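Q: After the structure tokens below, expect a handful of questions from me.
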Amino acid sequence: AELRKASKRLTCHKRYKIQKKIREHHRKVRKEAKKRGHKKPKKDPGVPSAAPFKEELLREAEQRKQRLEELKQKQKLNRQKEHEKKRKLEAKKNAAKITEKVEGKESSGKSKAKTKKPLDKNSKKSFCRELEKVIEASDVVLEVLDARDPMGCRCPQLEQAVMCSGGEKKLLLVLNKIDLVPKDNLEKWLNYLNKELPTVAFKSATMMKDKTMPDQFTKRHARVDLSRTTECFGSKCLLKLLQDYVRNQNKAIQIGVVGFPNVGKSSIINSLKGARVCNVGLTRGVTKSMQIVHIDKQTKMLDSPSIIVDPSSNALTLALRSIIDTEQSGSPEVLEGADAIVNHCSKQQVMMHYSIPDFRNTEEFLTLLAQKRGMLKKGGVPDTENVAKLLLCDWTGARIRYHSQPPGSQRLPPYLTDDKIAEMRDCFNLKKLEEENTATVQALKSPSPASSIIFQSAGMANGTIEENKVIEEASQWKDLETSKEEEEEEDFTESDDDQDDEEEDFEEESEVQVTRKAKPGKQQPHPTNSERQMAESEHSHSLSISLDKTADEDDAYDFNTDYV
């Protein structure tokens with residue numbers, strides 16, 4: 001049935017009220033007109049019938065009207081002609097641009113994705129290009145490592161690129177977030193890393209005041225205890241080390257700060273400057289281009305975007321070191337990353353930290369955590385996806401205190417020879433560096449070993465630094481993407497202090513870690529039949545979260561059970 005139109009009837013009270021308002025308005029207009037002295041224009045009385053030559057006057061008036069109409073029509077036609085000319089010129093220009101593009105593509109032989117659009121700031125290619133700029137322009141490169149997993153934050157491709165770049169480039173390691181690991185573990189890592197490269201213990205200041213923000217904004221946070229958050233450790237040691245190098249070189253130097261996402265690159269620059277000059281945040285990939293910060297007359301700091309992790313890395317490396325889009329719903333990477341993190345930690349310590357009962361698998365753990373934190377969907381269903389996102393943010397940020405043990409034996413990478421180690425240590429006073437590091441560790445309040453979760457590292461993380469390699473990966477993904485925009489761009493949300501990557505590493509750890517589903521378009525070696533059978537058997541017994549579960553697995557746990 002068709003809907004009837006709304007009735008225009010009004011109540012008598014409303015209609016009389018409207019009429020009264022109209023009368024008052026007209027009265028007011030008349031009064032104002034009287035005050036101004038303006039009278040209504042009188043109508044043209046026309047030519048009186050008794051006037052002589054009346055017919056001639058009327059003809060002249062008609063002729064004037066016709067002339068005016070003709071002028072208006074001519075003006076209209078002129079406007080239309082001008083518009084047509086402009087359109088033709090624009091069409092010619094567009095056609096010339098298209099032909100130039102086609103000729104340029106044919107001559108260069110490049111793909112459409114390369115020539116159609118400029119690089120997006122959030123793309124992998126843009127990140128690699130900016131990172132290459134920082135490495136080329138810097139005299140000293142600071143590789144920032146997370147003290148909770150230093151080996152997982154080291155990128156062999158980056159270190160090799162710095163050492164093989166030629167010239168007198170120096171590579172230093174900065175062990176950041178040292179307040180989140182026990183003192184014994186921190187001392188072990190400092191001894192281990194100092195045998196390879198000069199290492200500085202550092203704790204960057206957080207919640208620093210932004211000079212661009214007014215004081216009224218900062219007064220709202222007056223209740224926050226800033227004694228612990230704004231305190232910085234290791235800045236004097238790092239500045240002295242760099243100043244000594246400047247004296248030896250007798251010239252101004254540029255210092256590049258590189259590393260994986262969320263390791264604290266921008267926070268280190270802010271701590272050395274003493275003000276918030278670089279944007280920082282909990283999201284991954286906040287820094288998207290090179291930024292120059294003047295520390296003093298002789299030193300410049302170059303902030304860089306995060307290193308892009310190799311997509312063929314293991315699930316744990318991709319979870320902690322890659323730029324995962326947490327805003328995207330239904331992404332399996334989030335659940336796989338949470339599963340990898342839980343499986344690489346001590347189960348009892350995870351239960352104690354989150355105050356949850358025993359669980360059999362990661363899905364049950366996420367369900368219990370969602371019920372405890374009140375993250376429920378419609379109908380009381382636990383929101384495991386958002387809980388997994390929170391878990392990833394906690395583990396890459398500074399909320400969770402965990403630590404990993406250094407390797408038992410010192411195995412040098414193939415690119416790090418004795419000559420290279422001596423070259424990197426040259427011009428640095430290592431004795432003073434050790435004294436300053438010990439003083440920093442003693443002055444720092446570190447957590448007890450019981451309150452820190454034991455974590456199994458996956459070793460060094462492979463990263464993609466050269467832009468050409470990223471382009472080759474993009475060309476492989478083109479066949480699988482439907483839209484042209486997706487062919488040209490690879491979406492990444494980055495994120496602030498960048499995070500860390502880990503190498504697709506040791507076989508012992510690959511047995512423990514969660515088997516990640518192979519994505520199409522990634523290069524993988526072709527296994528033999530026996531290896532395929534072993535992989536299938538291992539995958540069937542793995543604890544990874546799969547979207548297609550059997551009925552037995554669904555009925556293994558009652559989600560409506562209440563825990564006190």
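Scheme for the structure tokens: letters A, B, ... for chains in order shown; per-chain residue numbers from 1; ligand numbers from 1 in order shown.
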Identify, on the basis of only C-alpha atoms, every residue whose closest approach to Met424 (chain A) does not exceed 10 Å; exclude the query and any residue fewer than 4 positions from it along the same chain; express the result as a list in words.

A: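 Residues meeting the cut-off are Val140, Met163, Glu168, Lys169, Lys170, Leu171, Leu172, Glu196, Leu197, Pro198, Asp418, Asp419, Lys420 and Phe428 of chain A.
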
Q: Take the residues that were just selected and, keeping N, CA, C and O atoms, output them as a PDB file, in the first residue's frame.

A:
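Ended up saving to again-v9.pdb:
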```pdb
ATOM      1  N   VAL A 140      77.009   8.279  12.058  1.00  0.00           N
ATOM      2  CA  VAL A 140      76.872   7.270  13.101  1.00  0.00           C
ATOM      3  C   VAL A 140      75.436   6.773  13.073  1.00  0.00           C
ATOM      4  O   VAL A 140      74.496   7.576  13.041  1.00  0.00           O
ATOM      5  N   MET A 163      77.692  -1.582   7.541  1.00  0.00           N
ATOM      6  CA  MET A 163      79.111  -1.935   7.547  1.00  0.00           C
ATOM      7  C   MET A 163      79.704  -2.002   6.141  1.00  0.00           C
ATOM      8  O   MET A 163      80.890  -1.744   5.955  1.00  0.00           O
ATOM      9  N   GLU A 168      83.508   5.898   6.810  1.00  0.00           N
ATOM     10  CA  GLU A 168      83.793   5.681   8.225  1.00  0.00           C
ATOM     11  C   GLU A 168      82.509   5.666   9.044  1.00  0.00           C
ATOM     12  O   GLU A 168      82.426   6.267  10.110  1.00  0.00           O
ATOM     13  N   LYS A 169      81.504   5.020   8.555  1.00  0.00           N
ATOM     14  CA  LYS A 169      80.243   4.926   9.297  1.00  0.00           C
ATOM     15  C   LYS A 169      80.432   4.028  10.508  1.00  0.00           C
ATOM     16  O   LYS A 169      81.034   2.961  10.419  1.00  0.00           O
ATOM     17  N   LYS A 170      79.864   4.476  11.626  1.00  0.00           N
ATOM     18  CA  LYS A 170      79.915   3.708  12.865  1.00  0.00           C
ATOM     19  C   LYS A 170      78.520   3.203  13.200  1.00  0.00           C
ATOM     20  O   LYS A 170      77.515   3.872  12.926  1.00  0.00           O
ATOM     21  N   LEU A 171      78.473   2.023  13.814  1.00  0.00           N
ATOM     22  CA  LEU A 171      77.209   1.417  14.228  1.00  0.00           C
ATOM     23  C   LEU A 171      77.242   1.191  15.732  1.00  0.00           C
ATOM     24  O   LEU A 171      78.135   0.515  16.254  1.00  0.00           O
ATOM     25  N   LEU A 172      76.271   1.795  16.439  1.00  0.00           N
ATOM     26  CA  LEU A 172      76.141   1.634  17.878  1.00  0.00           C
ATOM     27  C   LEU A 172      74.794   0.998  18.186  1.00  0.00           C
ATOM     28  O   LEU A 172      73.810   1.212  17.468  1.00  0.00           O
ATOM     29  N   GLU A 196      80.262  -7.616  20.643  1.00  0.00           N
ATOM     30  CA  GLU A 196      80.116  -7.447  19.194  1.00  0.00           C
ATOM     31  C   GLU A 196      80.206  -5.972  18.789  1.00  0.00           C
ATOM     32  O   GLU A 196      81.009  -5.606  17.939  1.00  0.00           O
ATOM     33  N   LEU A 197      79.345  -5.126  19.408  1.00  0.00           N
ATOM     34  CA  LEU A 197      79.296  -3.707  19.055  1.00  0.00           C
ATOM     35  C   LEU A 197      79.163  -2.881  20.334  1.00  0.00           C
ATOM     36  O   LEU A 197      78.620  -3.370  21.337  1.00  0.00           O
ATOM     37  N   PRO A 198      79.626  -1.634  20.338  1.00  0.00           N
ATOM     38  CA  PRO A 198      79.433  -0.777  21.517  1.00  0.00           C
ATOM     39  C   PRO A 198      77.943  -0.594  21.811  1.00  0.00           C
ATOM     40  O   PRO A 198      77.160  -0.234  20.922  1.00  0.00           O
ATOM     41  N   ASP A 418      86.294  -9.885  12.799  1.00  0.00           N
ATOM     42  CA  ASP A 418      87.112  -9.230  13.828  1.00  0.00           C
ATOM     43  C   ASP A 418      87.575  -7.844  13.369  1.00  0.00           C
ATOM     44  O   ASP A 418      87.640  -6.906  14.179  1.00  0.00           O
ATOM     45  N   ASP A 419      87.883  -7.701  12.090  1.00  0.00           N
ATOM     46  CA  ASP A 419      88.302  -6.396  11.573  1.00  0.00           C
ATOM     47  C   ASP A 419      87.159  -5.383  11.663  1.00  0.00           C
ATOM     48  O   ASP A 419      87.372  -4.212  12.012  1.00  0.00           O
ATOM     49  N   LYS A 420      85.950  -5.834  11.335  1.00  0.00           N
ATOM     50  CA  LYS A 420      84.793  -4.931  11.407  1.00  0.00           C
ATOM     51  C   LYS A 420      84.507  -4.532  12.852  1.00  0.00           C
ATOM     52  O   LYS A 420      84.152  -3.379  13.135  1.00  0.00           O
ATOM     53  N   PHE A 428      86.045   5.293  20.082  1.00  0.00           N
ATOM     54  CA  PHE A 428      85.139   5.275  21.229  1.00  0.00           C
ATOM     55  C   PHE A 428      85.905   4.806  22.458  1.00  0.00           C
ATOM     56  O   PHE A 428      86.686   3.841  22.389  1.00  0.00           O
TER      57      PHE A 428
END
```

Q: Could you go through region 16-229 of chain A and tell me which residues DSSP, when run on the backbone, assigns to strand (DSSP E), listing them as a ChimeraX atom specification?

A: /A:140-146,170-176,199-201

Q: Just want the 12 Å neighbourhood of Thr438 (chain A), counted on only C-alpha atoms, with same-chain residues fewer than 3 positions away dropped. Output as a list in words.

A: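 Those residues are Lys183, Asp184, Leu186, Glu187, Lys188, Leu190, Asn191, Thr199, Val200, Ala201, Phe202, Phe233, Gly234, Cys237, Lys431, Lys432, Leu433, Glu434, Glu435, Val441, Gln442, Ala443 and Leu444 of chain A.
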
Q: Applying 9 Å and only C-alpha atoms, which residues near Lys203 (chain A) remain after dropping the ones on its own chain fewer than 4 positions away? List them as a list of chain:residue names.

A: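 Contacts, in chain order: A:Leu175, A:Asn176, A:Lys177, A:Ile178, A:Asp179, A:Glu231, A:Cys232, A:Phe233, A:Gly234, A:Ser235, A:Ile268, A:Ser271, A:Leu444.
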
Q: Contacts of region 387-389 of chain A at 8 Å or less, counting only C-alpha atoms, minus same-chain residues fewer than 2 places along, as a count of residues only?

A: 14

Q: Here is a test: counting only C-alpha atoms, which residue of A:Leu376, A:Met301, A:Met351, A:Ala252 is nearest to Ile269 (chain A)?

A: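 With only C-alpha atoms as the atom set, the closest residue is A:Met301.
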
Q: How far is it from CA of Gln291 (chain A) to CA of Ile465 (chain A), in Å with one decimal?

A: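 Result for CA of Gln291 (chain A) versus CA of Ile465 (chain A): 18.1 Å, one decimal.
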
Q: What does the distance between CA of Ala458 (chain A) and CA of His353 (chain A) come to in Å, to one decimal place?

A: 22.2 Å

Q: Using only C-alpha atoms, find each residue of region 386-470 of chain A with at least one atom at most 10 Å away from an atom of region 157-162 of chain A; report its shortest atom-to-atom pair and that distance in Å (one decimal), sort the rows by chain and rising residue number, and return the result as JSON lines.

A:
```
{"residue": "A:Pro413", "atom": "CA", "partner": "A:Gln160", "partner_atom": "CA", "distance": 9.5}
{"residue": "A:Pro414", "atom": "CA", "partner": "A:Gln160", "partner_atom": "CA", "distance": 9.3}
{"residue": "A:Tyr415", "atom": "CA", "partner": "A:Gln160", "partner_atom": "CA", "distance": 6.1}
{"residue": "A:Leu416", "atom": "CA", "partner": "A:Gln160", "partner_atom": "CA", "distance": 8.0}
{"residue": "A:Ala461", "atom": "CA", "partner": "A:Gln157", "partner_atom": "CA", "distance": 9.1}
{"residue": "A:Asn462", "atom": "CA", "partner": "A:Gln157", "partner_atom": "CA", "distance": 6.7}
{"residue": "A:Gly463", "atom": "CA", "partner": "A:Gln157", "partner_atom": "CA", "distance": 6.3}
{"residue": "A:Thr464", "atom": "CA", "partner": "A:Gln157", "partner_atom": "CA", "distance": 7.4}
{"residue": "A:Ile465", "atom": "CA", "partner": "A:Leu158", "partner_atom": "CA", "distance": 6.9}
{"residue": "A:Glu466", "atom": "CA", "partner": "A:Gln157", "partner_atom": "CA", "distance": 9.3}
```

Q: Go ahead and write the selection's residues with C-alpha atoms as a PDB file, in the first residue's frame.

A:
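New file selection-v4.pdb:
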```pdb
ATOM      1  CA  PRO A 413      77.118 -13.180  12.152  1.00  0.00           C
ATOM      2  CA  PRO A 414      79.096 -13.766   8.929  1.00  0.00           C
ATOM      3  CA  TYR A 415      79.283 -10.037   8.113  1.00  0.00           C
ATOM      4  CA  LEU A 416      80.697  -9.195  11.579  1.00  0.00           C
ATOM      5  CA  ALA A 461      64.652 -10.683  12.606  1.00  0.00           C
ATOM      6  CA  ASN A 462      65.062 -10.355   8.857  1.00  0.00           C
ATOM      7  CA  GLY A 463      64.054  -7.003   7.441  1.00  0.00           C
ATOM      8  CA  THR A 464      63.569  -5.454   4.009  1.00  0.00           C
ATOM      9  CA  ILE A 465      65.709  -2.350   3.493  1.00  0.00           C
ATOM     10  CA  GLU A 466      66.197  -2.107  -0.279  1.00  0.00           C
TER      11      GLU A 466
END
```

Q: Please report the interatomic distance between CA of Asn437 (chain A) and CA of Lys251 (chain A) in Å with one decimal.

A: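 Between these atoms lies a distance of 26.6 Å.
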